[in-house]
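**Q** What follows is a single structure, and I will ask about it in a moment.
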Amino acid sequence: MVEPVALLSGEGVSLADIDVVLVGQLHCHRAGGGSLERTNYDTFDARLWRAGLVLEHEKIDGRRWLRVRRLGETSALAQAAVERVPTLVADLADRRLRELLTAAAGERALLPLVKTEGEVLRYAPLDEFDKSTVRVSVLIGAAMAVEGPSERKHLLEPVITIAPLRGHERSHRAMVRAISDRLGQRHAADPLERAAAAVGLELGLNPSDRSVSLDAAGSATEAMAMLLGRHAAVLEANVPGVRSGVDDEYLHDFRVTLRSVRALVSVAHGVLDEERCSDLADRLQQVATRSSPVRDLDVLRRRWNGEDALHLLVPVLEQDRRIKNQLLLEFLDGPALPALLAELRRPVAVLPAEDDGVVVRNAAMWAAEVLSAELARLHRRTRPVLASLAHGGDPAPGGYDEVAVHDARKAVKRLRYLLEAFASITYGARLEGLARAVDVLQSDLGEFQDAVVAIMAIDRSGARVAELSPGALMELGRRSEQHCQLREAAVGHFIEHYRAFARRGEHYAQRLEALATTARPVSVPIAIVRSKP
């Protein structure tokens with residue numbers, strides 16, 4: 001089926017001019033009109049836009065439709081009559097819409113972006129048999145941003161849409177040519193792009209994107225200032241969502257950004273002065289202490305809500321979350337968070353040169369030093385885990401040091417966040433293998449931590465549910481044992497993947513040394529930590 005064609009009129013062409021051409025010259029019949037109301041939706045981090053999808057809720061002639069289509073196309077991939085757009089995709093009744101949006105947006109909330117209101121005028125060109133062969137409509141409308149004064153409307157240029165009827169594709173092409181020749185038309189952008197441009201909305205932005213384009217030859221001080229400032233912006237962008245509670249992912253993004261900036265501060269010695277490093281570390285620890293329990297409870301609620309044996313514990317989790325979340329919100333509304341954000345954004349002073357005259361490191365040199373030291377730190381933190389294994393070399397129940405596993409987990413996370421922070425100056429594919437390997441290790445240890453949290457929550461929550469029958473208590477015990485097995489399996493996977501990682505340890509160290517060698521001036525010495533696994 002041929003797609004409809006949307007055209008914009010030439011400069012200075014009025015609605016009256018369009019009507020004269022359609023009725024007087026192209027013999028179109030005025031077929032009435034109607035109203036249009038359209039609201040476009042996306043997630044906070046623009047997942048639909050980045051997947052090439054458009055979600056629009058339209059009211060046309062009194063009926064409301066929710067549809068998903070591809071950007072630049074008019075045919076819907078899925079649509080349904082929906083009076084009100086739910087905040088969560090899971091609450092959509094239509095299965096096809098729900099599946100499409102879940103695949104692209106996950107569990108993020110659907111947020112309104114931009115609205116379009118207007119009048120649709122319809123025309124029908126008739127053939128010699130008084131039969132319509134093409135549908136022509138003219139939209140006269142205005143767009144308005146959802147976040148802003150709703151009365152502030154931005155007029156849109158009239159759009160002429162020529163839609164084909166099956167079997168009359170030739171007539172459709174002829175009508176498109178005729179209108180273009182007479183009115184100097186040009187193809188219109190996608191309706192979402194047109195409305196967003198009218199209100200000054202830049203599509204596709206991800207407020208939670210922590211990436212910064214660093215200058216490899218610039219100073220480490222400049223790089224640190226840019227990284228701290230970007231992390232402050234991401235933290236601040238997610239706070240309204242954390243307060244609203246409409247979407248658990250706001251807190252997730254907030255927490256990940258918090259861990260990332262803590263990793264940066266932990267390696268900032270020699271770039272930030274020691275007093276500022278210590279002050280930032282203390283401030284960040286305060287936020288982490290208040291936000292971590294809420295996020296852990298969010299994960300458990302989501303996992304347990306559909307499980308027969310564990311759903312009885314969900315009310316206990318909900319009660320705990322309300323208490324912990326209230327403490328978090330009180331903290332966010334207090335003076336501590338604004339003070340932290342201001343401190344992250346405060347200019348970074350250049351530290352004086354060392355006594356031997358060594359110049360300030362550039363960003364790539366700093367990145368190479370940091371990543372090399374963190375790789376060595378990861379190996380050091382993992383040795384106690386290996387040393388605590390049973391004689392067979394495989395983890396048996398209780399056959400490893402759990403504290404050592406937690407230490408290794410923190411080292412893996414820190415290395416991963418620092419690899420992400422310095423991604424723009426690590427020379428393309430040189431460190432992609434290292435980044436992928438670290439992701440695997442973090443995934444294993446994330447499963448370990450999830451199992452640990454679940455075991456503690458089952459024990460703590462189960463003791464508080466008085467109406468649990470003996471059978472239910474036995475089932476909780478069985479589930480606790482299952483999570484113990486998951487914990488052991490996660491450690492086993494980590495050790496297996498770490499051994500493969502360690503075999504390439506020298507290779508990764510060489511890559512980092514090559515990065516430093518490329519980046520540093522000849523006159524500036526640099527120490528690369530070489531540590532065997």
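Naming works like this for the structure tokens: A, B, ... for the chains as they're shown, residue 1 at the start of each chain, ligands 1 onward in shown order.
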Skipping near chain neighbours, those fewer than 4 positions away, what residues fall within 12 Å of Phe501 in chain A using only C-alpha atoms, listed as a ChimeraX atom specification?
**A** /A:375,378-379,382,412,433-441,494-497,505-509,532-533
**Q** Residues of range 190-249 of chain A that have any atom at most 12 Å from an atom of range 24-38 of chain A: could you tabulate them with the shortest-distance atom pair and the distance in Å to one decimal, using only C-alpha atoms, ordered by chain and increasing number, as a tab-separated table?
**A**
```
residue	atom	partner	partner_atom	distance
A:Pro191	CA	A:Arg38	CA	9.8
A:Leu192	CA	A:Arg38	CA	9.7
A:Ala195	CA	A:Arg38	CA	10.2
```
**Q** Name all residues at most 9 Å from range 252-261 of chain A (count only C-alpha atoms; drop same-chain ones fewer than 3 positions away) and give them as a short mmCIF file (atom, residue, chain, number, x, y, z; two decimals) with N, CA, C and O atoms, in the first residue's frame.
**A**
```cif
data_model
loop_
_atom_site.label_atom_id
_atom_site.label_comp_id
_atom_site.auth_asym_id
_atom_site.auth_seq_id
_atom_site.Cartn_x
_atom_site.Cartn_y
_atom_site.Cartn_z
N SER A 208 19.39 11.34 31.51
CA SER A 208 20.20 10.48 32.37
C SER A 208 21.50 10.05 31.69
O SER A 208 22.22 9.21 32.24
N ARG A 210 25.11 10.14 31.09
CA ARG A 210 26.24 10.69 31.83
C ARG A 210 27.47 10.94 30.96
O ARG A 210 28.48 11.46 31.44
N LEU A 227 33.08 16.26 33.97
CA LEU A 227 32.44 15.03 34.46
C LEU A 227 31.59 15.30 35.70
O LEU A 227 30.46 14.82 35.80
N LEU A 228 32.12 16.06 36.64
CA LEU A 228 31.36 16.37 37.85
C LEU A 228 30.10 17.18 37.50
O LEU A 228 29.02 16.93 38.04
N HIS A 231 27.43 14.90 35.90
CA HIS A 231 26.80 14.04 36.90
C HIS A 231 25.83 14.84 37.78
O HIS A 231 24.76 14.33 38.15
N ALA A 232 26.19 16.07 38.10
CA ALA A 232 25.27 16.92 38.87
C ALA A 232 23.98 17.15 38.09
O ALA A 232 22.88 17.11 38.66
N VAL A 234 22.58 15.20 35.83
CA VAL A 234 21.78 13.97 35.77
C VAL A 234 21.09 13.74 37.11
O VAL A 234 19.91 13.37 37.16
N LEU A 235 21.82 13.92 38.20
CA LEU A 235 21.20 13.77 39.52
C LEU A 235 20.01 14.71 39.67
O LEU A 235 18.92 14.31 40.08
N GLU A 236 20.21 15.96 39.30
CA GLU A 236 19.15 16.96 39.44
C GLU A 236 17.97 16.64 38.54
O GLU A 236 16.81 16.81 38.94
N ALA A 237 18.22 16.16 37.33
CA ALA A 237 17.14 15.86 36.39
C ALA A 237 16.22 14.75 36.90
O ALA A 237 15.03 14.72 36.59
N ASN A 238 16.77 13.82 37.68
CA ASN A 238 15.99 12.68 38.14
C ASN A 238 15.26 12.93 39.46
O ASN A 238 14.40 12.14 39.83
N VAL A 239 15.60 14.00 40.15
CA VAL A 239 14.99 14.25 41.46
C VAL A 239 13.47 14.41 41.38
O VAL A 239 12.74 13.83 42.20
N VAL A 242 12.00 11.02 41.19
CA VAL A 242 12.14 10.30 42.46
C VAL A 242 11.06 10.78 43.43
O VAL A 242 10.43 9.98 44.14
N ASP A 248 9.87 3.78 38.99
CA ASP A 248 11.01 3.34 39.80
C ASP A 248 12.35 3.63 39.12
O ASP A 248 13.38 3.71 39.79
N GLU A 249 12.34 3.78 37.80
CA GLU A 249 13.59 3.95 37.07
C GLU A 249 14.25 5.30 37.36
O GLU A 249 15.45 5.46 37.14
N LEU A 264 34.35 8.48 40.54
CA LEU A 264 35.22 9.56 40.06
C LEU A 264 35.92 10.26 41.21
O LEU A 264 37.12 10.53 41.16
N VAL A 265 35.16 10.57 42.26
CA VAL A 265 35.76 11.26 43.40
C VAL A 265 36.82 10.39 44.06
O VAL A 265 37.85 10.89 44.55
N SER A 266 36.62 9.07 44.05
CA SER A 266 37.57 8.18 44.70
C SER A 266 38.92 8.15 43.99
O SER A 266 39.92 7.75 44.60
N LEU A 284 28.36 12.55 49.31
CA LEU A 284 27.81 11.49 48.46
C LEU A 284 27.40 10.27 49.28
O LEU A 284 26.41 9.60 48.98
N VAL A 287 23.90 10.70 50.71
CA VAL A 287 22.82 10.44 49.75
C VAL A 287 22.68 8.94 49.52
O VAL A 287 21.57 8.41 49.45
N ALA A 288 23.81 8.25 49.39
CA ALA A 288 23.77 6.80 49.14
C ALA A 288 23.10 6.07 50.29
O ALA A 288 22.31 5.14 50.07
N SER A 291 19.29 6.50 49.91
CA SER A 291 18.63 6.04 48.68
C SER A 291 18.77 4.55 48.45
O SER A 291 17.91 3.94 47.80
N SER A 292 19.81 3.92 48.97
CA SER A 292 20.05 2.51 48.70
C SER A 292 18.93 1.60 49.19
O SER A 292 18.46 0.73 48.44
N ARG A 295 15.84 1.65 46.83
CA ARG A 295 16.04 0.96 45.55
C ARG A 295 16.01 -0.55 45.74
O ARG A 295 15.41 -1.28 44.93
N LYS A 413 32.48 -2.70 39.97
CA LYS A 413 31.59 -1.58 39.65
C LYS A 413 32.39 -0.29 39.43
O LYS A 413 32.11 0.48 38.50
N ARG A 414 33.38 -0.07 40.28
CA ARG A 414 34.15 1.16 40.14
C ARG A 414 34.89 1.21 38.82
O ARG A 414 34.92 2.24 38.14
N ARG A 416 34.05 -0.33 36.08
CA ARG A 416 33.08 -0.15 34.99
C ARG A 416 32.66 1.31 34.85
O ARG A 416 32.61 1.86 33.74
N TYR A 417 32.34 1.96 35.96
CA TYR A 417 31.91 3.36 35.89
C TYR A 417 33.03 4.26 35.36
O TYR A 417 32.75 5.22 34.62
N LEU A 418 34.25 3.96 35.70
CA LEU A 418 35.36 4.78 35.23
C LEU A 418 35.63 4.53 33.74
O LEU A 418 35.98 5.46 33.00
N GLU A 420 33.29 3.91 31.64
CA GLU A 420 32.24 4.70 30.99
C GLU A 420 32.59 6.18 31.00
O GLU A 420 32.38 6.88 30.01
N ALA A 421 33.12 6.68 32.11
CA ALA A 421 33.43 8.10 32.22
C ALA A 421 34.49 8.52 31.22
O ALA A 421 34.42 9.61 30.64
#
```
**Q** Identify, on the basis of only C-alpha atoms, every residue whose closest approach to Ser132 in chain A does not exceed 12 Å; exclude the query and any residue fewer than 2 positions from it along the same chain; express the result as a ChimeraX atom specification.
**A** /A:27-31,123-130,134-136,163-168,171-172
**Q** Name the residues in contact with range 196-202 of chain A at a cut-off of 7 Å, using only C-alpha atoms, excluding same-chain residues fewer than 3 positions from it; report them as a PyMOL selection string.
**A** chain A and resi 114+143-145+154+192-193+205
**Q** Check the smallest atom-to-atom distance from each of A:Ala80, A:Ala46, A:Ala489, A:Val267 to Ala220 in chain A using only C-alpha atoms, then report the winner.
**A**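 When distances to Ala220 in chain A are compared using only C-alpha atoms, the smallest one comes from A:Val267.
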**Q** Per DSSP on the backbone, filter range 83-190 of chain A down to the residues in strand (DSSP E or B) and report them as a VMD selection string.
**A** chain A and resid 88 109 111 to 126 132 134 to 145 154 to 155 159 to 164 186 to 187
